file work-v8.tsv (TSV, C-alpha atoms)
chain	number	residue	atom	x	y	z
A	25	MET	CA	10.00	2.91	-29.86
A	26	ASN	CA	13.10	1.14	-31.17
A	27	PRO	CA	13.03	-2.64	-30.89
A	28	LEU	CA	15.64	-4.10	-28.57
A	29	PRO	CA	18.47	-6.19	-30.03
A	30	ASP	CA	18.01	-9.97	-29.78
A	31	ASP	CA	20.92	-10.28	-27.35
A	32	GLU	CA	19.30	-7.86	-24.94
A	33	ILE	CA	15.93	-9.62	-25.17
A	34	ARG	CA	17.59	-12.98	-24.46
A	35	ARG	CA	19.52	-11.51	-21.52
A	36	ARG	CA	16.30	-10.19	-20.00
A	37	GLN	CA	14.48	-13.47	-20.59
A	38	ARG	CA	17.35	-15.38	-18.97
A	39	SER	CA	17.34	-13.14	-15.91
A	40	ARG	CA	13.55	-13.48	-15.60
A	41	ALA	CA	13.79	-17.25	-15.93
A	42	LEU	CA	16.45	-17.33	-13.23
A	43	VAL	CA	14.33	-15.25	-10.85
A	44	MET	CA	11.32	-17.46	-11.59
A	45	ALA	CA	13.36	-20.60	-10.86
A	46	LEU	CA	14.56	-19.15	-7.56
A	47	LEU	CA	11.01	-18.19	-6.60
A	48	LEU	CA	9.69	-21.66	-7.43
A	49	GLY	CA	12.48	-23.23	-5.38
A	50	ALA	CA	11.63	-20.94	-2.46
A	51	LEU	CA	7.95	-21.87	-2.76
A	52	VAL	CA	8.79	-25.59	-2.65
A	53	ILE	CA	10.69	-25.02	0.60
A	54	LEU	CA	7.87	-22.84	1.98
A	55	PHE	CA	5.14	-25.38	1.18
A	56	TYR	CA	7.21	-28.12	2.81
A	57	ALA	CA	7.69	-25.94	5.92
A	58	ILE	CA	3.96	-25.12	6.02
A	59	SER	CA	3.11	-28.84	5.86
A	60	ILE	CA	5.45	-29.57	8.78
A	61	ALA	CA	4.06	-26.59	10.77
A	62	LYS	CA	0.47	-27.72	10.16
A	63	MET	CA	1.26	-31.26	11.31
A	64	ALA	CA	3.04	-30.07	14.46
B	20	MET	CA	-2.44	-13.83	-37.25
B	21	ASN	CA	-5.58	-11.74	-37.76
B	22	THR	CA	-5.60	-7.99	-38.40
B	23	THR	CA	-6.72	-7.01	-34.88
B	24	ALA	CA	-3.98	-9.02	-33.28
B	25	MET	CA	-1.43	-7.52	-35.67
B	26	ASN	CA	-2.63	-4.00	-34.86
B	27	THR	CA	-2.54	-4.67	-31.14
B	28	THR	CA	0.97	-6.03	-31.40
B	29	ALA	CA	2.03	-3.03	-33.42
B	30	MET	CA	0.58	-0.58	-30.89
B	31	GLU	CA	2.05	-2.26	-27.82
B	32	PRO	CA	5.66	-1.79	-26.75
B	33	ALA	CA	7.91	-4.85	-26.99
B	34	GLY	CA	6.30	-5.66	-23.62
B	35	ALA	CA	6.24	-9.10	-22.11
B	36	ALA	CA	9.30	-10.23	-24.00
B	37	THR	CA	11.42	-7.31	-22.83
B	38	ALA	CA	10.12	-6.42	-19.37
B	39	GLU	CA	12.75	-7.17	-16.75
B	40	TRP	CA	11.96	-8.85	-13.42
B	41	ARG	CA	12.70	-5.47	-11.83
B	42	ASP	CA	9.79	-4.03	-13.80
B	43	PHE	CA	7.43	-6.59	-12.28
B	44	LEU	CA	8.82	-5.69	-8.87
B	45	ALA	CA	8.27	-1.97	-9.60
B	46	LEU	CA	4.69	-2.80	-10.58
B	47	CYS	CA	4.10	-3.86	-6.96
B	48	LYS	CA	5.00	-0.37	-5.62
B	49	PRO	CA	7.74	-1.63	-3.29
B	50	ARG	CA	8.00	1.65	-1.35
B	51	VAL	CA	4.30	1.53	-0.46
B	52	LEU	CA	4.72	-2.14	0.43
B	53	THR	CA	7.17	-1.34	3.24
B	54	LEU	CA	4.46	0.48	5.20
B	55	VAL	CA	1.87	-2.21	4.42
B	56	VAL	CA	4.20	-4.99	5.54
B	57	PHE	CA	5.25	-3.12	8.65
B	58	THR	CA	1.72	-2.33	9.83
B	59	GLY	CA	0.62	-5.89	9.01
B	60	LEU	CA	3.53	-7.32	10.98
B	61	CYS	CA	2.78	-5.03	13.93
B	62	GLY	CA	-0.87	-6.13	13.86
B	63	MET	CA	0.30	-9.73	14.03
B	64	LEU	CA	2.89	-9.12	16.77
B	65	ALA	CA	0.42	-7.07	18.85
B	66	ALA	CA	-2.02	-9.98	18.95
B	67	PRO	CA	-2.25	-11.76	22.31
B	68	VAL	CA	-1.78	-15.15	20.67
B	69	SER	CA	1.53	-16.23	19.17
B	70	ILE	CA	1.48	-17.75	15.72
B	71	HIS	CA	3.82	-20.49	14.45
B	72	PRO	CA	6.80	-18.67	12.86
B	73	VAL	CA	6.37	-20.43	9.52
B	74	LEU	CA	2.66	-19.58	9.38
B	75	GLY	CA	3.41	-16.05	10.53
B	76	PHE	CA	5.94	-15.68	7.75
B	77	THR	CA	3.43	-17.11	5.28
B	78	ALA	CA	0.77	-14.66	6.44
B	79	MET	CA	3.18	-11.75	5.99
B	80	LEU	CA	4.16	-13.07	2.56
B	81	CYS	CA	0.48	-13.22	1.58
B	82	ILE	CA	-0.15	-9.67	2.81
B	83	THR	CA	2.88	-8.49	0.81
B	84	LEU	CA	1.88	-10.35	-2.34
B	85	GLY	CA	-1.75	-9.22	-2.03
B	86	ALA	CA	-0.70	-5.59	-1.65
B	87	GLY	CA	1.73	-6.00	-4.54
B	88	ALA	CA	-1.07	-7.43	-6.69
B	89	ALA	CA	-3.31	-4.49	-5.82
B	90	GLY	CA	-0.49	-2.10	-6.76
B	91	ALA	CA	0.05	-3.91	-10.07
B	92	LEU	CA	-3.65	-3.79	-10.95
B	93	ASN	CA	-3.73	-0.11	-9.96
B	94	GLN	CA	-0.85	0.59	-12.36
B	95	TRP	CA	-2.51	-1.50	-15.05
B	96	TYR	CA	-5.69	0.57	-14.82
B	97	GLU	CA	-3.99	3.93	-14.39
B	98	ALA	CA	-1.29	3.68	-17.04
B	99	ASP	CA	-2.78	6.64	-18.93
B	100	LEU	CA	-2.86	8.81	-15.78
B	101	ASP	CA	0.64	7.79	-14.74
B	102	ALA	CA	1.96	8.87	-18.13
B	103	LYS	CA	0.72	12.41	-17.50
B	104	MET	CA	2.34	12.87	-14.08
B	105	ARG	CA	6.06	13.52	-13.60
B	106	ARG	CA	6.08	11.49	-10.36
B	107	THR	CA	4.76	8.36	-12.07
B	108	ALA	CA	5.81	8.69	-15.73
B	109	GLY	CA	8.84	6.43	-15.19
B	110	ARG	CA	6.74	3.43	-14.09
B	111	PRO	CA	7.03	0.31	-16.29
B	112	LEU	CA	3.75	0.80	-18.20
B	113	PRO	CA	3.88	4.53	-19.04
B	114	ALA	CA	7.61	4.22	-19.78
B	115	GLY	CA	6.80	1.47	-22.31
B	116	ARG	CA	8.91	-1.24	-20.68
B	117	MET	CA	5.92	-3.56	-20.25
B	118	ASP	CA	2.62	-4.17	-22.03
B	119	ARG	CA	-0.67	-3.78	-20.15
B	120	GLN	CA	-1.75	-7.39	-20.58
B	121	SER	CA	1.36	-8.65	-18.78
B	122	ALA	CA	0.61	-6.27	-15.89
B	123	LEU	CA	-3.00	-7.46	-15.74
B	124	HIS	CA	-2.07	-11.15	-15.78
B	125	PHE	CA	0.65	-10.58	-13.19
B	126	GLY	CA	-1.69	-8.65	-10.87
B	127	VAL	CA	-4.59	-11.10	-11.09
B	128	GLY	CA	-2.30	-14.13	-10.73
B	129	LEU	CA	-0.44	-12.70	-7.76
B	130	GLY	CA	-3.64	-11.61	-6.02
B	131	ALA	CA	-5.35	-14.98	-6.48
B	132	PHE	CA	-2.23	-16.81	-5.29
B	133	SER	CA	-1.90	-14.65	-2.15
B	134	VAL	CA	-5.54	-15.20	-1.15
B	135	LEU	CA	-5.42	-18.95	-1.84
B	136	LEU	CA	-2.22	-19.40	0.13
B	137	MET	CA	-3.58	-17.34	3.04
B	138	GLY	CA	-6.80	-19.40	3.08
B	139	LEU	CA	-5.06	-22.77	2.87
B	140	ALA	CA	-2.06	-22.13	5.12
B	141	VAL	CA	-3.26	-19.55	7.67
B	142	ASN	CA	-7.02	-19.10	8.07
B	143	LEU	CA	-10.15	-18.17	6.13
B	144	LEU	CA	-10.86	-14.94	8.02
B	145	ALA	CA	-7.44	-13.50	7.14
B	146	ALA	CA	-7.94	-14.64	3.53
B	147	ALA	CA	-11.37	-13.01	3.40
B	148	ILE	CA	-10.07	-9.67	4.73
B	149	LEU	CA	-7.13	-9.86	2.30
B	150	THR	CA	-9.58	-10.40	-0.58
B	151	VAL	CA	-11.68	-7.43	0.53
B	152	SER	CA	-8.59	-5.21	0.81
B	153	ILE	CA	-7.36	-6.09	-2.71
B	154	LEU	CA	-10.81	-5.64	-4.26
B	155	PHE	CA	-11.37	-2.42	-2.31
B	156	TYR	CA	-8.12	-0.90	-3.55
B	157	VAL	CA	-8.63	-1.97	-7.15
B	158	LEU	CA	-12.39	-1.63	-7.67
B	159	VAL	CA	-13.53	0.97	-5.11
B	160	TYR	CA	-10.48	3.25	-5.03
B	161	THR	CA	-8.80	2.85	-8.44
B	162	VAL	CA	-11.72	2.18	-10.75
B	163	TRP	CA	-14.62	3.91	-9.01
B	164	LEU	CA	-13.43	6.80	-6.84
B	165	LYS	CA	-10.05	8.10	-7.97
B	166	ARG	CA	-11.15	9.85	-11.15
B	167	ARG	CA	-14.60	10.85	-9.89
B	168	THR	CA	-14.41	12.52	-6.51
B	169	PRO	CA	-12.02	14.47	-4.27
B	170	GLN	CA	-13.12	12.07	-1.53
B	171	ASN	CA	-11.14	9.36	-3.38
B	172	ILE	CA	-8.43	8.97	-0.77
B	173	VAL	CA	-10.79	9.39	2.19
B	174	ILE	CA	-12.82	6.31	1.30
B	175	GLY	CA	-10.04	4.61	-0.64
B	176	GLY	CA	-7.75	5.00	2.35
B	177	ALA	CA	-9.54	2.05	3.91
B	178	ALA	CA	-7.68	-0.24	1.52
B	179	GLY	CA	-4.34	0.65	3.10
B	180	ALA	CA	-5.76	0.30	6.59
B	181	PHE	CA	-6.50	-3.43	6.32
B	182	PRO	CA	-2.99	-4.92	6.90
B	183	PRO	CA	-2.94	-4.63	10.72
B	184	LEU	CA	-6.39	-6.19	10.76
B	185	ILE	CA	-5.19	-9.03	8.51
B	186	GLY	CA	-2.07	-9.54	10.65
B	187	TRP	CA	-4.17	-9.77	13.81
B	188	ALA	CA	-6.73	-12.08	12.16
B	189	ALA	CA	-3.90	-14.32	10.91
B	190	ALA	CA	-2.62	-14.75	14.46
B	191	THR	CA	-5.91	-15.07	16.32
B	192	GLY	CA	-8.58	-16.01	13.77
B	193	ARG	CA	-10.72	-13.20	15.20
B	194	VAL	CA	-11.25	-9.45	14.85
B	195	GLU	CA	-11.28	-7.45	18.09
B	196	LEU	CA	-11.38	-3.81	19.22
B	197	LEU	CA	-7.61	-3.10	19.12
B	198	PRO	CA	-7.09	-4.12	15.46
B	199	VAL	CA	-10.23	-2.15	14.55
B	200	LEU	CA	-8.63	0.90	16.21
B	201	LEU	CA	-5.41	0.21	14.28
B	202	PHE	CA	-7.53	0.15	11.12
B	203	ALA	CA	-9.08	3.47	12.15
B	204	ILE	CA	-5.67	5.05	12.78
B	205	VAL	CA	-4.38	4.24	9.27
B	206	PHE	CA	-7.77	5.12	7.73
B	207	LEU	CA	-7.81	8.57	9.37
B	208	TRP	CA	-4.07	9.08	8.79
B	209	THR	CA	-4.43	8.65	5.02
B	210	PRO	CA	-6.19	11.96	4.16
B	211	PRO	CA	-3.71	14.28	5.94
B	212	HIS	CA	-0.82	12.22	4.55
B	213	PHE	CA	-2.00	12.33	0.92
B	214	TRP	CA	-3.41	15.82	1.00
B	215	ALA	CA	-0.07	17.16	2.29
B	216	LEU	CA	1.53	15.52	-0.76
B	217	SER	CA	-1.18	16.69	-3.13
B	218	LEU	CA	-0.68	20.30	-2.01
B	219	PHE	CA	2.87	20.44	-3.32
B	220	VAL	CA	2.28	18.28	-6.43
B	221	ARG	CA	-1.19	19.63	-7.24
B	222	THR	CA	-0.25	20.81	-10.74
B	223	ASP	CA	0.71	17.21	-11.51
B	224	TYR	CA	-2.73	16.02	-10.41
B	225	ALA	CA	-4.44	18.90	-12.24
B	226	ASN	CA	-2.57	18.11	-15.47
B	227	ALA	CA	-3.58	14.46	-15.20
B	228	GLY	CA	-7.22	15.39	-14.49
B	229	VAL	CA	-7.30	13.66	-11.09
B	230	PRO	CA	-9.85	15.45	-8.86
B	231	MET	CA	-7.65	15.66	-5.78
B	232	LEU	CA	-8.95	18.04	-3.13
B	233	PRO	CA	-6.49	20.93	-3.81
B	234	VAL	CA	-7.36	20.75	-7.52
B	235	VAL	CA	-11.13	20.73	-6.98
B	236	ALA	CA	-11.64	22.73	-3.76
B	237	GLY	CA	-8.44	24.77	-3.57
B	238	THR	CA	-5.50	24.81	-1.20
B	239	ARG	CA	-7.29	26.68	1.59
B	240	THR	CA	-10.01	24.03	1.95
B	241	THR	CA	-7.40	21.28	1.74
B	242	ARG	CA	-5.34	22.84	4.52
B	243	ALA	CA	-8.43	23.04	6.76
B	244	GLN	CA	-9.40	19.44	5.93
B	245	ILE	CA	-5.90	18.22	6.85
B	246	LEU	CA	-6.32	19.67	10.33
B	247	LEU	CA	-9.90	18.40	10.62
B	248	TYR	CA	-8.89	14.82	9.80
B	249	THR	CA	-5.89	14.98	12.11
B	250	LEU	CA	-8.14	15.48	15.15
B	251	PRO	CA	-10.02	12.15	14.95
B	252	MET	CA	-6.76	10.46	13.92
B	253	VAL	CA	-5.14	11.67	17.13
B	254	ALA	CA	-8.15	10.45	19.11
B	255	ALA	CA	-7.97	7.01	17.48
B	256	ALA	CA	-4.21	6.81	18.04
B	257	VAL	CA	-4.41	7.64	21.74
B	258	ALA	CA	-7.65	5.69	22.43
B	259	PRO	CA	-6.09	2.22	23.00
B	260	TRP	CA	-4.31	3.52	26.12
B	261	PRO	CA	-7.30	4.89	28.13
B	262	LEU	CA	-9.35	1.91	26.92
B	263	GLY	CA	-6.85	-0.38	28.63
B	264	LEU	CA	-5.86	-2.15	25.42
B	265	THR	CA	-2.21	-1.07	25.66
B	266	GLY	CA	0.21	0.08	28.33
B	267	ALA	CA	1.98	3.35	29.01
B	268	ILE	CA	4.79	2.77	26.49
B	269	TYR	CA	2.35	2.93	23.62
B	270	GLY	CA	0.18	5.55	25.34
B	271	LEU	CA	2.98	8.04	25.95
B	272	ALA	CA	4.44	7.46	22.48
B	273	ALA	CA	0.99	8.00	20.94
B	274	VAL	CA	0.46	11.24	22.86
B	275	ALA	CA	3.90	12.65	21.94
B	276	LEU	CA	3.86	11.55	18.30
B	277	SER	CA	0.26	12.64	17.74
B	278	GLY	CA	0.94	15.98	19.42
B	279	LEU	CA	3.73	16.66	16.94
B	280	PHE	CA	1.50	15.51	14.07
B	281	LEU	CA	-1.16	17.95	15.24
B	282	LEU	CA	1.37	20.77	15.45
B	283	LEU	CA	2.67	20.13	11.93
B	284	SER	CA	-0.92	19.88	10.61
B	285	ALA	CA	-1.77	23.20	12.27
B	286	ARG	CA	1.24	24.81	10.57
B	287	VAL	CA	-0.03	23.53	7.21
B	288	ALA	CA	-3.56	24.63	8.03
B	289	PHE	CA	-2.52	28.19	8.83
B	290	SER	CA	0.05	28.55	6.06
B	291	GLN	CA	-0.79	30.95	3.23
B	292	GLU	CA	1.94	29.72	0.84
B	293	ALA	CA	0.74	29.34	-2.73
B	294	ASP	CA	4.06	28.51	-4.43
B	295	GLN	CA	4.45	24.72	-4.51
B	296	ALA	CA	8.25	24.95	-4.49
B	297	LYS	CA	8.17	26.83	-1.18
B	298	MET	CA	5.74	24.56	0.67
B	299	LYS	CA	8.07	23.44	3.45
B	300	PRO	CA	5.45	22.75	6.17
B	301	GLU	CA	3.54	20.54	3.70
B	302	ARG	CA	6.67	18.57	2.79
B	303	ARG	CA	7.56	18.28	6.46
B	304	LEU	CA	4.10	16.97	7.36
B	305	PHE	CA	4.21	14.45	4.50
B	306	ALA	CA	7.64	13.15	5.56
B	307	TYR	CA	6.72	13.10	9.25
B	308	SER	CA	3.42	11.30	8.59
B	309	ILE	CA	5.34	8.29	7.26
B	310	LEU	CA	7.70	8.29	10.22
B	311	TYR	CA	4.71	8.73	12.55
B	312	LEU	CA	3.05	5.52	11.46
B	313	PHE	CA	6.29	3.52	11.68
B	314	ILE	CA	7.11	4.72	15.20
B	315	LEU	CA	3.52	4.49	16.47
B	316	PHE	CA	3.12	0.88	15.36
B	317	GLY	CA	6.65	0.09	16.56
B	318	ALA	CA	5.70	1.48	19.98
B	319	LEU	CA	2.63	-0.76	20.00
B	320	VAL	CA	4.74	-3.86	19.46
B	321	ALA	CA	7.31	-2.74	22.05
B	322	ASP	CA	4.47	-2.15	24.50
B	323	ARG	CA	2.96	-5.60	23.93
B	324	MET	CA	6.34	-7.29	24.27
B	325	VAL	CA	7.08	-5.51	27.54
B	326	LEU	CA	3.60	-6.35	28.87
B	327	ALA	CA	4.01	-9.97	27.82
call {"tool": "encode", "arguments": {"input": "work-v8.tsv", "output": "structure tokens"}}
result
Amino acid sequence: MNPLPDDEIRRRQRSRALVMALLLGALVILFYAISIAKMA
Amino acid sequence: MNTTAMNTTAMEPAGAATAEWRDFLALCKPRVLTLVVFTGLCGMLAAPVSIHPVLGFTAMLCITLGAGAAGALNQWYEADLDAKMRRTAGRPLPAGRMDRQSALHFGVGLGAFSVLLMGLAVNLLAAAILTVSILFYVLVYTVWLKRRTPQNIVIGGAAGAFPPLIGWAAATGRVELLPVLLFAIVFLWTPPHFWALSLFVRTDYANAGVPMLPVVAGTRTTRAQILLYTLPMVAAAVAPWPLGLTGAIYGLAAVALSGLFLLLSARVAFSQEADQAKMKPERRLFAYSILYLFILFGALVADRMVLA
């Protein structure tokens, strides 16, 4: 298997980091909404 | 770095550093997830108690993540088998786009998170059933049964039957007769569904050494078994109506849909075709079986909404 060029590895890491950030943001909103729903 | 670590690194593909987020998504078997999510949602919507929308969404998210985790752990364990089958050779692990350790960590992490969130945000019963379903799929089906017995998908099919039960438990905190019947429908639906597929891809399974029924017992036995399992499935599908658990919308839909399922199963059962490329009734039954479950569960929800 040929190793990927550094640029490609960094591009993939960046896109994964972006998806992870979006997921974490979504979880923050979800946990807040769950807290409100539980208190209601 | 010690020698073992160096060897391991050398043997693995570039793996964790190069896997794309799409590969992690593919690890969750998104196409299988659609059916899991749909049946889980129908189980929840069919419940007589309404759940807070946020908690309902959370429950569905947990079911999705739990099923995704089970799929990831299944692919982690079966990477060697997947590499031998044309249908699965392009998955992230056999294709070398991800290393096995990343898949394992992802699957365990996702599974633990889904159960914890379900337990904390929804209820303990739903979390317990979710745990059982993940463990059943990974340990009972993938690790224990799949490579050992042609009954693998008969018993293992239970894993895919849990979502409506979880959806109902999330809404009500209880398990009652209707969700148990929904479990039975999916459980009994699984063998005809998978055996129809395994008839026209049996060389793939044979090459990979998976003891699917057509490989071990032959196509004739498999055809007969498809019809035999369809009969109790039809009974389970229609049962909620005469038992008074649903109305006529579901009842009539169940009778019509199950009748067609039975007809297509009978065509498969009485077919003599040996050439996989020419197995049209088998392909038709496989395609229809997916549609069947979607429409049947959709009819259940429509029925409950009209009754409500």
call {"tool": "interface_residues", "arguments": {"input": "work-v8.tsv", "of": "chain A", "to": "chain B", "cutoff": "6 Å", "atoms": "all atoms listed in the file", "output": "compact mmCIF listing (two decimals) with C-alpha atoms, keeping the file's coordinate frame"}}
result
# COMPACT_ATOMS: atom_id res chain seq x y z
CA ILE A 33 15.93 -9.62 -25.17
CA ARG A 36 16.30 -10.19 -20.00
CA ARG A 40 13.55 -13.48 -15.60
call {"tool": "closest_residue", "arguments": {"input": "work-v8.tsv", "among": "B:Ala243, B:Ala225, B:Ala258, B:Ile185", "to": "Ala288 in chain B", "atoms": "all atoms listed in the file"}}
result
B:Ala243
call {"tool": "residues_around", "arguments": {"input": "work-v8.tsv", "residues": "range 146-155 of chain B", "least_positions_apart": "2", "cutoff": "10 Å", "atoms": "only C-alpha atoms", "output": "VMD selection string"}}
result
chain B and resid 78 81 to 82 85 to 90 92 130 to 131 133 to 144 157 to 163 174 to 182 184 to 186 188 to 189
call {"tool": "residues_near_point", "arguments": {"input": "work-v8.tsv", "point": "(-6.3, 14.6, -10.5)", "cutoff": "10 Å", "atoms": "all atoms listed in the file", "output": "list in words"}}
result
Leu100, Met104, Lys165, Arg166, Arg167, Thr168, Pro169, Ser217, Arg221, Thr222, Asp223, Tyr224, Ala225, Asn226, Ala227, Gly228, Val229, Pro230, Met231, Leu232, Pro233, Val234 and Val235 of chain B
call {"tool": "write_last_selection", "arguments": {"input": "work-v8.tsv", "atoms": "C-alpha atoms", "output": "PDB file, in the frame of the given file"}}
result
ATOM      1  CA  LEU B 100      -2.860   8.810 -15.780  1.00  0.00           C
ATOM      2  CA  MET B 104       2.340  12.870 -14.080  1.00  0.00           C
ATOM      3  CA  LYS B 165     -10.050   8.100  -7.970  1.00  0.00           C
ATOM      4  CA  ARG B 166     -11.150   9.850 -11.150  1.00  0.00           C
ATOM      5  CA  ARG B 167     -14.600  10.850  -9.890  1.00  0.00           C
ATOM      6  CA  THR B 168     -14.410  12.520  -6.510  1.00  0.00           C
ATOM      7  CA  PRO B 169     -12.020  14.470  -4.270  1.00  0.00           C
ATOM      8  CA  SER B 217      -1.180  16.690  -3.130  1.00  0.00           C
ATOM      9  CA  ARG B 221      -1.190  19.630  -7.240  1.00  0.00           C
ATOM     10  CA  THR B 222      -0.250  20.810 -10.740  1.00  0.00           C
ATOM     11  CA  ASP B 223       0.710  17.210 -11.510  1.00  0.00           C
ATOM     12  CA  TYR B 224      -2.730  16.020 -10.410  1.00  0.00           C
ATOM     13  CA  ALA B 225      -4.440  18.900 -12.240  1.00  0.00           C
ATOM     14  CA  ASN B 226      -2.570  18.110 -15.470  1.00  0.00           C
ATOM     15  CA  ALA B 227      -3.580  14.460 -15.200  1.00  0.00           C
ATOM     16  CA  GLY B 228      -7.220  15.390 -14.490  1.00  0.00           C
ATOM     17  CA  VAL B 229      -7.300  13.660 -11.090  1.00  0.00           C
ATOM     18  CA  PRO B 230      -9.850  15.450  -8.860  1.00  0.00           C
ATOM     19  CA  MET B 231      -7.650  15.660  -5.780  1.00  0.00           C
ATOM     20  CA  LEU B 232      -8.950  18.040  -3.130  1.00  0.00           C
ATOM     21  CA  PRO B 233      -6.490  20.930  -3.810  1.00  0.00           C
ATOM     22  CA  VAL B 234      -7.360  20.750  -7.520  1.00  0.00           C
ATOM     23  CA  VAL B 235     -11.130  20.730  -6.980  1.00  0.00           C
TER      24      VAL B 235
END
call {"tool": "residues_around", "arguments": {"input": "work-v8.tsv", "residues": "Glu195 in chain B", "least_positions_apart": "4", "cutoff": "12 Å", "atoms": "all atoms listed in the file", "output": "list of chain:residue names"}}
result
B:Gly62, B:Ala65, B:Ala66, B:Pro67, B:Pro183, B:Leu184, B:Ile185, B:Trp187, B:Ala188, B:Ala190, B:Thr191, B:Val199, B:Leu200, B:Leu201, B:Phe202, B:Leu264
call {"tool": "residues_around", "arguments": {"input": "work-v8.tsv", "residues": "Pro300 in chain B", "least_positions_apart": "2", "cutoff": "7 Å", "atoms": "only C-alpha atoms", "output": "number ranges by chain"}}
result
B: 283, 286-287, 298, 302-304
call {"tool": "atom_distance", "arguments": {"input": "work-v8.tsv", "atom1": "CA of Leu129 in chain B", "atom2": "CA of Leu44 in chain B"}}
result
11.7 Å
call {"tool": "atom_distance", "arguments": {"input": "work-v8.tsv", "atom1": "CA of Thr58 in chain B", "atom2": "CA of Leu46 in chain A"}}
result
27.4 Å
call {"tool": "atom_distance", "arguments": {"input": "work-v8.tsv", "atom1": "CA of Ile245 in chain B", "atom2": "CA of Phe219 in chain B"}}
result
13.6 Å
call {"tool": "axis_aligned_box", "arguments": {"input": "work-v8.tsv", "around": "range 49-64 of chain A", "padding_each_side": "6 Å", "output": "lines of an AutoDock Vina configuration file"}}
result
center_x = 6.5
center_y = -26.1
center_z = 4.5
size_x = 24.0
size_y = 22.3
size_z = 31.8
call {"tool": "closest_residue", "arguments": {"input": "work-v8.tsv", "among": "B:Tyr96, B:Phe316, B:Tyr248, B:Tyr307", "to": "Ala272 in chain B", "atoms": "only C-alpha atoms"}}
result
B:Phe316
